[in-house]
Structures are given as C-alpha cells and as structure tokens.
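Scroll down for the structure; my scribbles are underneath it.
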Amino acid sequence: MSLIDVRDLTCRYGSRTILQDVSFSVTAGEVLAILGGSGCGKSTLLKHLIGLYPPASGSICIGGDEFVGAQSTTRQRILRRIGVMYQSGALFGSMSVLDNVRLPLETFTRLDARAIETLARLKLRQVGLEDFAELFPAELSGGMQKRAAIARAMVLDPQILFLDEPSAGLDPLTSAGLDKLIRELAASQGMTFVVVTHELASINAIADRAIMLDRSVQGIIATGSPAELATHPDPLVSGFFRREAPARAQ
Amino acid sequence: MRHGRTAPQWHLQEGPGIWRLGGALRLQDLEELWPQLRRQLKAGDALSLHDLRECDGAGAAMLFELQQGGIRFTDLPDELARKLSQLQPQRPLPEARSTPAGNAISRLGRRVAQLIELWQTQVAFVGALLLALRNVAPQARTLRLREVWRLCNDAGTNALPIVSLIALLLGVILAFQSALPMRQFGAEVFVANLLGLSLVRELSPLMMAILLSGRTGAAYAAELGTMKVNEEINALITFGIDPLRFLVLPRLIACTLMAPVLTVFAELIGLFGGALVMKGFGIPFSTFMNQVASAVDVSDFVSGIAKSAIYGLEIAGIGCLFGLSAGNGASAVGQATTRAVVYMLVTLVVTDGLFAVVYYLMGW
C-alpha cells in the first residue's frame, strides 16, 4: 500500500520549471532514494513533498490525505506523520541537543516532564548521542549534528522521515555510520524513509528503491533498485553509478 | 479500565498477581497511561504484554522506564522485544546534568574573572589595532579606501534621515519645554543660549553616539559575528590577510570620521528646530542666531566635535571586538550584538563623564 503517492507534480520557481509531471509512489517501510546530479531538482522535490512550497500543479497524497491545498487541520495531521532532517541539520543553536529533541514533545504532546525527558534521552541514545545531550549544536561535529537532527525528526514517531543529503560534508566513516543508523531505524521502527542524496555509497547501503531525476527532462528518468539502476540501459543512469560523466557533458 | 482521548487504544487490567496491558501504545495515547502505570505498578510487579498489538517508539520508551523501575514483563512479543533491546534497557539513562550555580562568593568570583578576561581582550585588541595602524601607515594604499568610502556612506549619509528626525525633535522639545517656564520671567530669548550650549557641548554628541551605537555599531558586531560563524575570518587569516587591517580599520576610520559630521549636522538641525519653536514665541530667526553665537564659542564647538570623534572610535571598536569574539551559531551572533550595544552605551556614558571632568580641569 502506498504511503506517499505523487501524481503529475509540476514544480516551478517563478516562471522557471524545475520538475514537470513527476509521478511516483512510496510504500510503507520502504527506503526510497531520490538521486540525480546537482541542480536536477532533488531538493526542490523534497521541499514540495514536505509542504514548504506549493506545487504549480499535481497531487501529493500522504497517508491517504491530499497535501496540496490541504486545510489547516488536514495539513497538521499530515505534518504529524512526517519528520524532516535538513541538509544543515537545522538544530536550534540557542538550545542544547536535549532541548532540541524535547521541543516537539513539549509542543505537541501533553506528556509530563519526566516522560518527555526519558523519551528525548532514549531517542538520543538510539542515534548514539546520549552522552552529548547537554551540549549545544555548535559544540558538535557535522556528523553528530545530523544524528541529533535525526533524533529530533523522529521524536514524534512519524511514519515517514525525509532526509535531505544526510551524508553531505561527512567523511566516509561517519557517512557509513549514518547509513547504518538509517537502516537500523527502518528495520526496528518500520519507518519509511525518503532520502535525497547523490552519494553512491549511501544509495547502495540504504535504498530499497531509487528514482533518478534529470535536469534535461525535468523529471524522472529511471526507477528501480540500486542494482537495477547500475545496469540500466540509459548510459546517463548507469554512468551515474559508474561515476562516468555523461557524453554530452564532456 | 479503558482509556484514550479519541478512541480506546489500550487497555490495562489488574489480574491475580499480574497486570495485563494490551491494545496499541502510541505517542498520542500515552498522556494518561504513562503516569497511571507509574502510580499503580510497583517494583517487582509483573506486566503481561501478550495482547499488545502495536507499540511505537514512545510506547517502547514508556516500557523502558517501567523496566528500569523494576517491572517484569511477561509474554513480550518478539518485535517489541527487539525494539526494547535496541534501547539497551540494561543501561540506565544518565541523570540531567545541571551547572552548579555556586554560592554568592563563587558567582562574584566568576563574574570578576569574566570582567578581567574582557579587559584583557580589550587591551589585546587595542594593541593589535595600534600594530595594524602602524603597519598600514607607511603604505596607506593598502588601506581599502573604497571600502572606507562605502562604510562612510553607510554610517553617515544613510543615517541622515533618522539623524534629522531625532535632532529636529530634540531641538523642538528642548526649546518648547524651556520656553514655557522662562516666559514667566520674560526670558524666552535666553532659550537660544540654553539650546546652543546644550546641543553643541552635550546633547548632539551624545544622542548621535547613541544612534550610531544602535544603527552602526550593532551592525558591525552582527556582520563580523556572522563572518566569524561562516569561517570568513578564518579564510582571511589563511590568506595571510590581517582581519584587523582588512575589516576593523576601515570601520574604525569610517565611524570616527562620520560621528563628528553627524554631530555637526544634528546641531544645525536641532538649532533649526529650536528656532522654529522660538519663532512661535515671537523671537525672530536673526535674534535667535545672534543669541546662539554669543553663547557658544569655539571651545564649546571643538569640545563637542572631539567628544563625538572619540565616541565614534569607541563604537566601531566595541562593535568589531564583540563581533570578532562571537561564538558559533546564530544565537552567538545575537548575543555578541546585544553585549556590544550594552557595552557601547555604558562606555559612552562613562566617557562622557570623563570628558566633563577633563573639560572642567581645562577650563572649557
């Protein structure tokens, strides 16, 4: 059953069309990677999926609710189903890591302070930051900030986690650790992940399925498992996995 | 018992020697259940989870806490057992760490140490600035004159509208408030003397300095703080460019030059505002200006200008110092800016007091 259903989505910035008539779906428990070269519209697609920008046309259904043009109540219901980790982590710099994770619980639940504390600390334990709870984001490394951002994104137990370039700017070891964490969370929590990335190692490590976007067609050029895409007949797709520059760009 | 705000999601039953928890444990349903379980279950009690069909992360966290409290689980579904084992129930959660506030003496000591550190930083900053000045003096072309010009424009020309408004209102209010009581003695004409002296010697330099602190000094602190956070300062250093020479000196020069210019402008506008009010009291412009000229001499004018130049130097220096000392993150920039403005205002008042003493000793 589809948890996310995107139909004929067109995204524009002003008069500039970034994506045209994009359609795909994500099933519950799946880890879907959105790939493509720089400027192909990966982050744009993500920002539309999480409701930051309204699409020019098309439909985005999340958990059976239409997101595009949704009224306040429906929108809030959908937003409670999703968690987002931004590329920079987007942790609040004036709050400790623990307070960052506690904030959504304090805002959206009526749990008592002790329960909130336990929950927040356990989320930090799950991402390996238990001992850094009292530190401020500026005192953490890039990888730790991303882990903390994941803990914050999943603290309300969303059905879907959207991750924007989780490996960007991280060393291979930290990046591999983050990939492992995503796989573990997908397996143990049954969460659905939509991950925007262009890191080949990450795609191979985490994705059940991937869709590849391309700027020239302003949409999806291939869909399949990472193994299928690596042997795709379109040289643009298979070349991406072999790290070969496309002929027309050479 | 059955609970749940929207629909019953969980059920808790007390049986002989064992409690039974079933249904679904989800974040939105735990507000009542969690404290209730804490109250009702005691260490050593057994809780059967046989009928539990769903449990999210929050539910697992609640079970973790119960397990930590000595509650034994029976009939744990495999999936839930996996979830719980991922939370490592054998390890207790760390206690919240609070920074020890200490007693009054230790707090005072910490504050004094911070002040000493701040003074040390200031002395080092002034020393480094003098060094940068000495280095730039023999090769003035290395000073970015175009940048100085841009900063002068920003601190001076762009501030003219707000300076005009404040100075005009200052002159109008001061004249009006003084004229009313002085009229009782038929001494309205001396309002011009009062206005001239107070605006030229004291009010214009101080008001312009306060305005410059809020407008330009705060901007310097925020701009340099953001550059520090974005590692632009590090980039300058690794290029071998001295940030003091590149960023601070142009700002110091611009602010020191513009503060007296703005002050003179504010004096003129303030006097014009006063003259307008006095016109309403039957004092012609020419009489007003003659009175001002008789009351204000060159030493008054020079003392005001000298003061404002020093204020400008202080404002730019403090803004840049706090900007360069900012920590990491957006909040650090905000803190640096706030601290800079407070420090500027305190410094301005203290400097004004010092000037008053010095001018008195000099007979000005």
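Scheme for the structure tokens: letters A, B, ... for chains in order shown; per-chain residue numbers from 1; ligand numbers from 1 in order shown.
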
For A:Ala210: contacts at 9 Å, only C-alpha atoms, fewer than 4 positions along chain excluded, given as a CSV table (one decimal) with C-alpha atoms, in the first residue's frame:
```csv
chain,number,residue,atom,x,y,z
A,31,VAL,CA,13.7,3.4,1.9
A,32,LEU,CA,13.4,5.4,-1.2
A,33,ALA,CA,16.4,7.4,-2.5
A,34,ILE,CA,16.0,10.4,-4.8
A,35,LEU,CA,19.1,10.8,-6.9
A,203,ILE,CA,22.4,4.8,-2.1
A,222,ALA,CA,14.7,5.8,-14.1
A,223,THR,CA,13.2,3.9,-11.2
A,224,GLY,CA,14.4,0.7,-9.6
A,225,SER,CA,16.6,-0.9,-7.0
A,226,PRO,CA,20.2,0.5,-6.9
A,229,LEU,CA,19.8,1.3,-11.9
```

Find the residues of stretch 125-183 of chain A that sit at most 12 Å from stretch 26-46 of chain B; for each, write down the nearest two atoms and how far apart they are in Å, to one decimal. Count only C-alpha atoms. Sort by chain, then by number going up, and give it as JSON lines.
```
{"residue": "A:Met154", "atom": "CA", "partner": "B:Leu27", "partner_atom": "CA", "distance": 11.7}
{"residue": "A:Val155", "atom": "CA", "partner": "B:Leu27", "partner_atom": "CA", "distance": 9.6}
{"residue": "A:Leu156", "atom": "CA", "partner": "B:Leu27", "partner_atom": "CA", "distance": 7.1}
{"residue": "A:Asp157", "atom": "CA", "partner": "B:Leu27", "partner_atom": "CA", "distance": 7.4}
{"residue": "A:Pro158", "atom": "CA", "partner": "B:Leu27", "partner_atom": "CA", "distance": 10.0}
{"residue": "A:Gln159", "atom": "CA", "partner": "B:Arg26", "partner_atom": "CA", "distance": 11.9}
```

Practice problem: Tell me which of A:Arg75, A:Lys123, A:Arg102, A:Arg7 sits closest to chain B, counting only C-alpha atoms. | Solution: A:Lys123

Tell me, counting only C-alpha atoms, for each residue of chain A within 9 Å of chain B, which pair of atoms is nearest and how far apart they are in Å to one decimal, in rows ordered by chain and increasing number, as a Markdown table.
```
| residue | atom | partner | partner_atom | distance |
| --- | --- | --- | --- | --- |
| A:Phe92 | CA | B:Ala330 | CA | 8.5 |
| A:Gly93 | CA | B:Gly329 | CA | 5.6 |
| A:Ser94 | CA | B:Ser331 | CA | 5.3 |
| A:Thr109 | CA | B:Gln28 | CA | 6.9 |
| A:Arg110 | CA | B:Glu31 | CA | 5.8 |
| A:Leu111 | CA | B:Glu31 | CA | 4.9 |
| A:Asp112 | CA | B:Glu31 | CA | 7.5 |
| A:Ala115 | CA | B:Met62 | CA | 7.4 |
| A:Glu117 | CA | B:Ala96 | CA | 8.7 |
| A:Thr118 | CA | B:Ala61 | CA | 6.9 |
| A:Leu119 | CA | B:Ala61 | CA | 5.6 |
| A:Arg121 | CA | B:Leu93 | CA | 7.1 |
| A:Leu122 | CA | B:Leu87 | CA | 6.7 |
| A:Lys123 | CA | B:Gly57 | CA | 8.5 |
| A:Arg125 | CA | B:Leu87 | CA | 7.2 |
| A:Gln126 | CA | B:Leu87 | CA | 6.6 |
| A:Glu130 | CA | B:Pro94 | CA | 8.0 |
| A:Asp131 | CA | B:Pro94 | CA | 8.0 |
| A:Ala133 | CA | B:Ala96 | CA | 8.9 |
| A:Glu134 | CA | B:Arg97 | CA | 7.3 |
| A:Pro137 | CA | B:Gly329 | CA | 8.0 |
| A:Ala138 | CA | B:Asn328 | CA | 5.6 |
| A:Glu139 | CA | B:Asn328 | CA | 8.2 |
| A:Met154 | CA | B:Gly57 | CA | 8.8 |
| A:Val155 | CA | B:Gly57 | CA | 8.0 |
| A:Leu156 | CA | B:Leu27 | CA | 7.1 |
| A:Asp157 | CA | B:Gly57 | CA | 6.0 |
| A:Ser188 | CA | B:Lys83 | CA | 6.0 |
| A:Gln189 | CA | B:Gly57 | CA | 7.1 |
```

Quiz item: Hey, what's within 12 Å of A:Arg16 if we count only C-alpha atoms and toss same-chain stuff fewer than 4 positions away? As an NGL selection string, please?
Solution: :A and (10-12 or 20 or 41 or 56 or 218)

Grab the residues selected above and save them as a short mmCIF file (atom, residue, chain, number, x, y, z; two decimals), in the first residue's frame with C-alpha atoms.
```cif
data_model
loop_
_atom_site.label_atom_id
_atom_site.label_comp_id
_atom_site.auth_asym_id
_atom_site.auth_seq_id
_atom_site.Cartn_x
_atom_site.Cartn_y
_atom_site.Cartn_z
CA THR A 10 4.98 20.17 -11.53
CA CYS A 11 7.29 22.42 -9.55
CA ARG A 12 8.19 25.94 -10.61
CA GLN A 20 7.34 18.60 -14.89
CA GLY A 41 15.55 19.24 -8.64
CA ALA A 56 2.32 24.55 -9.68
CA GLN A 218 12.77 17.93 -15.78
#
```

Please provide the set of residues having any atom within 10 Å of stretch 163-168 of chain A, restricted to only C-alpha atoms, with same-chain residues fewer than 2 positions apart removed, written as a tab-separated table (two decimals) with all heavy atoms, in the first residue's frame.
```
chain	number	residue	atom	x	y	z
A	33	ALA	N	15.39	6.36	-2.31
A	33	ALA	CA	16.40	7.40	-2.52
A	33	ALA	C	16.01	8.21	-3.75
A	33	ALA	O	15.56	7.65	-4.75
A	33	ALA	CB	17.77	6.76	-2.72
A	34	ILE	N	16.17	9.52	-3.64
A	34	ILE	CA	15.95	10.39	-4.80
A	34	ILE	C	17.33	10.84	-5.24
A	34	ILE	O	18.06	11.49	-4.47
A	34	ILE	CB	15.08	11.60	-4.42
A	34	ILE	CG1	13.71	11.13	-3.92
A	34	ILE	CG2	14.91	12.52	-5.62
A	34	ILE	CD1	12.82	12.25	-3.39
A	35	LEU	N	17.71	10.45	-6.44
A	35	LEU	CA	19.08	10.76	-6.90
A	35	LEU	C	19.08	11.68	-8.11
A	35	LEU	O	18.05	11.92	-8.72
A	35	LEU	CB	19.85	9.50	-7.31
A	35	LEU	CG	19.37	8.12	-7.04
A	35	LEU	CD1	20.11	7.17	-7.94
A	35	LEU	CD2	19.70	7.86	-5.61
A	42	LYS	N	16.30	17.64	-6.98
A	42	LYS	CA	16.10	16.70	-5.85
A	42	LYS	C	15.55	17.43	-4.63
A	42	LYS	O	14.53	17.05	-4.07
A	42	LYS	CB	17.44	16.02	-5.44
A	42	LYS	CG	18.12	15.23	-6.52
A	42	LYS	CD	19.31	14.48	-5.97
A	42	LYS	CE	20.41	15.39	-5.43
A	42	LYS	NZ	21.18	16.11	-6.43
A	43	SER	N	16.28	18.47	-4.23
A	43	SER	CA	15.86	19.20	-3.03
A	43	SER	C	14.54	19.92	-3.26
A	43	SER	O	13.73	20.05	-2.34
A	43	SER	CB	16.94	20.19	-2.59
A	43	SER	OG	18.07	19.47	-2.14
A	46	LEU	N	11.88	17.46	-2.71
A	46	LEU	CA	11.72	17.20	-1.27
A	46	LEU	C	10.93	18.34	-0.61
A	46	LEU	O	10.02	18.11	0.19
A	46	LEU	CB	13.08	17.05	-0.61
A	46	LEU	CG	13.00	16.67	0.85
A	46	LEU	CD1	12.93	15.16	1.00
A	46	LEU	CD2	14.18	17.17	1.64
A	47	LYS	N	11.30	19.58	-0.96
A	47	LYS	CA	10.64	20.73	-0.34
A	47	LYS	C	9.15	20.78	-0.69
A	47	LYS	O	8.34	21.26	0.10
A	47	LYS	CB	11.34	22.03	-0.74
A	47	LYS	CG	12.61	22.23	0.06
A	47	LYS	CD	13.46	23.35	-0.46
A	47	LYS	CE	14.77	23.38	0.32
A	47	LYS	NZ	15.83	24.05	-0.39
A	83	GLY	N	8.63	13.52	9.47
A	83	GLY	CA	9.74	14.19	10.15
A	83	GLY	C	10.76	14.55	9.08
A	83	GLY	O	10.86	13.85	8.07
A	84	VAL	N	11.46	15.65	9.30
A	84	VAL	CA	12.40	16.10	8.27
A	84	VAL	C	13.76	16.38	8.87
A	84	VAL	O	13.86	17.01	9.92
A	84	VAL	CB	11.88	17.40	7.59
A	84	VAL	CG1	12.80	17.79	6.44
A	84	VAL	CG2	10.46	17.25	7.10
A	85	MET	N	14.79	15.88	8.22
A	85	MET	CA	16.15	16.27	8.58
A	85	MET	C	16.72	17.10	7.44
A	85	MET	O	16.84	16.61	6.33
A	85	MET	CB	17.03	15.04	8.80
A	85	MET	CG	18.34	15.38	9.46
A	85	MET	SD	19.67	14.29	8.94
A	85	MET	CE	20.19	15.07	7.45
A	86	TYR	N	17.03	18.34	7.75
A	86	TYR	CA	17.53	19.23	6.71
A	86	TYR	C	19.03	19.02	6.51
A	86	TYR	O	19.73	18.51	7.40
A	86	TYR	CB	17.24	20.70	7.08
A	86	TYR	CG	15.77	20.98	7.07
A	86	TYR	CD1	15.01	20.86	8.23
A	86	TYR	CD2	15.11	21.31	5.91
A	86	TYR	CE1	13.65	21.08	8.23
A	86	TYR	CE2	13.74	21.53	5.89
A	86	TYR	CZ	13.02	21.42	7.05
A	86	TYR	OH	11.67	21.63	7.03
A	87	GLN	N	19.47	19.49	5.34
A	87	GLN	CA	20.87	19.25	4.95
A	87	GLN	C	21.85	19.77	6.00
A	87	GLN	O	22.83	19.13	6.33
A	87	GLN	CB	21.13	19.93	3.61
A	87	GLN	CG	22.38	19.48	2.95
A	87	GLN	CD	22.50	20.02	1.53
A	87	GLN	OE1	21.52	20.46	0.93
A	87	GLN	NE2	23.68	19.98	0.98
A	88	SER	N	21.54	20.93	6.58
A	88	SER	CA	22.46	21.51	7.56
A	88	SER	C	22.17	21.02	8.98
A	88	SER	O	22.84	21.40	9.91
A	88	SER	CB	22.32	23.04	7.54
A	88	SER	OG	20.99	23.37	7.89
A	89	GLY	N	21.16	20.19	9.13
A	89	GLY	CA	20.75	19.76	10.47
A	89	GLY	C	19.66	20.67	11.01
A	89	GLY	O	18.70	20.23	11.58
A	142	GLY	N	29.95	17.74	12.49
A	142	GLY	CA	28.91	17.72	11.45
A	142	GLY	C	28.06	16.46	11.51
A	142	GLY	O	26.83	16.51	11.43
A	143	GLY	N	28.73	15.30	11.69
A	143	GLY	CA	28.01	14.03	11.74
A	143	GLY	C	27.10	13.95	12.95
A	143	GLY	O	25.97	13.46	12.88
A	146	LYS	N	23.98	15.95	12.48
A	146	LYS	CA	22.99	15.27	11.64
A	146	LYS	C	22.28	14.17	12.43
A	146	LYS	O	21.08	13.96	12.27
A	146	LYS	CB	23.67	14.69	10.41
A	146	LYS	CG	24.22	15.80	9.54
A	146	LYS	CD	24.34	15.46	8.10
A	146	LYS	CE	24.69	16.73	7.35
A	146	LYS	NZ	24.77	16.57	5.94
A	147	ARG	N	23.02	13.50	13.29
A	147	ARG	CA	22.40	12.47	14.13
A	147	ARG	C	21.38	13.11	15.07
A	147	ARG	O	20.28	12.58	15.26
A	147	ARG	CB	23.47	11.76	14.97
A	147	ARG	CG	24.24	10.74	14.19
A	147	ARG	CD	25.43	10.23	14.96
A	147	ARG	NE	26.04	9.13	14.23
A	147	ARG	CZ	25.72	7.86	14.41
A	147	ARG	NH1	24.85	7.52	15.33
A	147	ARG	NH2	26.29	6.91	13.71
A	149	ALA	N	19.81	15.82	14.55
A	149	ALA	CA	18.67	16.25	13.73
A	149	ALA	C	17.75	15.07	13.43
A	149	ALA	O	16.52	15.23	13.41
A	149	ALA	CB	19.17	16.89	12.43
A	150	ILE	N	18.34	13.90	13.24
A	150	ILE	CA	17.50	12.70	13.01
A	150	ILE	C	16.70	12.38	14.27
A	150	ILE	O	15.51	12.09	14.22
A	150	ILE	CB	18.37	11.50	12.58
A	150	ILE	CG1	18.90	11.72	11.17
A	150	ILE	CG2	17.56	10.20	12.63
A	150	ILE	CD1	19.75	10.59	10.62
A	153	ALA	N	13.93	14.73	14.44
A	153	ALA	CA	12.92	14.47	13.41
A	153	ALA	C	12.04	13.27	13.76
A	153	ALA	O	10.89	13.22	13.38
A	153	ALA	CB	13.62	14.25	12.07
A	160	ILE	N	6.93	8.72	8.31
A	160	ILE	CA	7.88	8.94	7.22
A	160	ILE	C	8.96	9.91	7.67
A	160	ILE	O	8.66	10.95	8.26
A	160	ILE	CB	7.17	9.56	5.99
A	160	ILE	CG1	5.91	8.79	5.65
A	160	ILE	CG2	8.12	9.61	4.79
A	160	ILE	CD1	4.93	9.58	4.81
A	161	LEU	N	10.20	9.58	7.36
A	161	LEU	CA	11.30	10.53	7.61
A	161	LEU	C	11.88	10.97	6.27
A	161	LEU	O	12.26	10.13	5.46
A	161	LEU	CB	12.40	9.87	8.43
A	161	LEU	CG	12.43	10.11	9.94
A	161	LEU	CD1	13.68	9.52	10.54
A	161	LEU	CD2	12.36	11.59	10.29
A	170	LEU	N	30.21	14.82	5.06
A	170	LEU	CA	30.72	13.92	6.11
A	170	LEU	C	31.81	13.03	5.54
A	170	LEU	O	31.82	12.71	4.35
A	170	LEU	CB	29.58	13.05	6.64
A	170	LEU	CG	28.39	13.77	7.26
A	170	LEU	CD1	27.39	12.74	7.77
A	170	LEU	CD2	28.83	14.68	8.39
A	171	ASP	N	32.72	12.61	6.43
A	171	ASP	CA	33.76	11.69	5.98
A	171	ASP	C	33.14	10.32	5.75
A	171	ASP	O	32.04	10.03	6.26
A	171	ASP	CB	34.88	11.63	7.03
A	171	ASP	CG	34.41	11.02	8.31
A	171	ASP	OD1	34.43	9.78	8.41
A	171	ASP	OD2	33.98	11.76	9.22
A	172	PRO	N	33.80	9.43	4.99
A	172	PRO	CA	33.18	8.15	4.63
A	172	PRO	C	32.77	7.32	5.83
A	172	PRO	O	31.72	6.67	5.82
A	172	PRO	CB	34.28	7.44	3.83
A	172	PRO	CG	35.16	8.52	3.33
A	172	PRO	CD	35.10	9.62	4.33
A	174	THR	N	31.93	8.37	8.97
A	174	THR	CA	30.75	8.96	9.61
A	174	THR	C	29.53	8.73	8.73
A	174	THR	O	28.43	8.42	9.22
A	174	THR	CB	30.96	10.47	9.82
A	174	THR	OG1	32.24	10.66	10.39
A	174	THR	CG2	29.91	11.07	10.71
A	175	SER	N	29.75	8.88	7.43
A	175	SER	CA	28.67	8.70	6.48
A	175	SER	C	28.14	7.26	6.55
A	175	SER	O	26.93	7.03	6.56
A	175	SER	CB	29.19	9.04	5.09
A	175	SER	OG	28.23	8.82	4.15
A	176	ALA	N	29.07	6.31	6.63
A	176	ALA	CA	28.66	4.89	6.71
A	176	ALA	C	27.91	4.63	8.01
A	176	ALA	O	26.93	3.87	8.03
A	176	ALA	CB	29.90	4.00	6.63
A	177	GLY	N	28.34	5.29	9.09
A	177	GLY	CA	27.66	5.15	10.38
A	177	GLY	C	26.23	5.65	10.30
A	177	GLY	O	25.31	5.04	10.85
A	178	LEU	N	26.07	6.76	9.59
A	178	LEU	CA	24.73	7.34	9.44
A	178	LEU	C	23.84	6.42	8.59
A	178	LEU	O	22.65	6.23	8.89
A	178	LEU	CB	24.87	8.72	8.77
A	178	LEU	CG	23.80	9.75	9.07
A	178	LEU	CD1	23.72	10.04	10.56
A	178	LEU	CD2	24.09	11.04	8.32
A	179	ASP	N	24.43	5.86	7.54
A	179	ASP	CA	23.68	4.91	6.70
A	179	ASP	C	23.20	3.72	7.53
A	179	ASP	O	22.08	3.27	7.40
A	179	ASP	CB	24.56	4.40	5.55
A	179	ASP	CG	24.89	5.51	4.56
A	179	ASP	OD1	24.17	6.52	4.57
A	179	ASP	OD2	25.87	5.36	3.81
A	182	ILE	N	20.28	4.66	9.66
A	182	ILE	CA	19.04	4.75	8.88
A	182	ILE	C	18.46	3.36	8.64
A	182	ILE	O	17.27	3.12	8.81
A	182	ILE	CB	19.29	5.49	7.54
A	182	ILE	CG1	19.63	6.96	7.81
A	182	ILE	CG2	18.09	5.38	6.61
A	182	ILE	CD1	20.18	7.71	6.62
A	193	PHE	N	11.50	5.87	4.76
A	193	PHE	CA	12.48	6.93	4.55
A	193	PHE	C	12.44	7.41	3.11
A	193	PHE	O	12.39	6.60	2.19
A	193	PHE	CB	13.89	6.42	4.85
A	193	PHE	CG	14.22	6.35	6.31
A	193	PHE	CD1	13.86	5.24	7.07
A	193	PHE	CD2	14.89	7.39	6.94
A	193	PHE	CE1	14.15	5.18	8.41
A	193	PHE	CE2	15.19	7.33	8.30
A	193	PHE	CZ	14.82	6.22	9.04
A	194	VAL	N	12.49	8.72	2.95
A	194	VAL	CA	12.70	9.30	1.62
A	194	VAL	C	13.98	10.10	1.74
A	194	VAL	O	14.05	11.07	2.51
A	194	VAL	CB	11.52	10.20	1.19
A	194	VAL	CG1	11.82	10.86	-0.15
A	194	VAL	CG2	10.24	9.39	1.11
A	195	VAL	N	15.01	9.67	1.03
A	195	VAL	CA	16.34	10.25	1.23
A	195	VAL	C	16.82	10.89	-0.07
A	195	VAL	O	16.89	10.22	-1.10
A	195	VAL	CB	17.34	9.15	1.65
A	195	VAL	CG1	18.69	9.77	1.99
A	195	VAL	CG2	16.81	8.35	2.82
A	196	VAL	N	17.10	12.17	0.01
A	196	VAL	CA	17.69	12.86	-1.14
A	196	VAL	C	19.20	12.75	-1.01
A	196	VAL	O	19.76	13.13	0.03
A	196	VAL	CB	17.27	14.34	-1.16
A	196	VAL	CG1	18.13	15.13	-2.12
A	196	VAL	CG2	15.82	14.47	-1.54
A	197	THR	N	19.83	12.21	-2.01
A	197	THR	CA	21.29	12.05	-1.91
A	197	THR	C	21.91	11.89	-3.30
A	197	THR	O	21.21	11.56	-4.26
A	197	THR	CB	21.66	10.84	-1.04
A	197	THR	OG1	23.06	10.75	-0.92
A	197	THR	CG2	21.12	9.53	-1.60
A	198	HIS	N	23.18	12.17	-3.38
A	198	HIS	CA	23.88	11.77	-4.60
A	198	HIS	C	25.15	11.00	-4.25
A	198	HIS	O	26.05	10.87	-5.06
A	198	HIS	CB	24.15	12.96	-5.52
A	198	HIS	CG	24.82	14.12	-4.85
A	198	HIS	ND1	24.61	15.40	-5.23
A	198	HIS	CD2	25.65	14.18	-3.81
A	198	HIS	CE1	25.30	16.21	-4.45
A	198	HIS	NE2	25.95	15.49	-3.58
A	199	GLU	N	25.18	10.50	-3.00
A	199	GLU	CA	26.32	9.71	-2.56
A	199	GLU	C	26.09	8.25	-2.94
A	199	GLU	O	25.17	7.60	-2.41
A	199	GLU	CB	26.47	9.82	-1.03
A	199	GLU	CG	26.69	11.22	-0.52
A	199	GLU	CD	28.12	11.70	-0.71
A	199	GLU	OE1	29.02	10.83	-0.76
A	199	GLU	OE2	28.33	12.91	-0.84
A	201	ALA	N	27.71	5.50	-2.32
A	201	ALA	CA	27.86	4.51	-1.24
A	201	ALA	C	26.59	4.47	-0.38
A	201	ALA	O	26.11	3.40	-0.01
A	201	ALA	CB	29.07	4.86	-0.38
A	202	SER	N	26.05	5.66	-0.11
A	202	SER	CA	24.83	5.73	0.70
A	202	SER	C	23.66	5.09	-0.03
A	202	SER	O	22.87	4.35	0.57
A	202	SER	CB	24.47	7.18	0.99
A	202	SER	OG	25.28	7.69	1.99
```
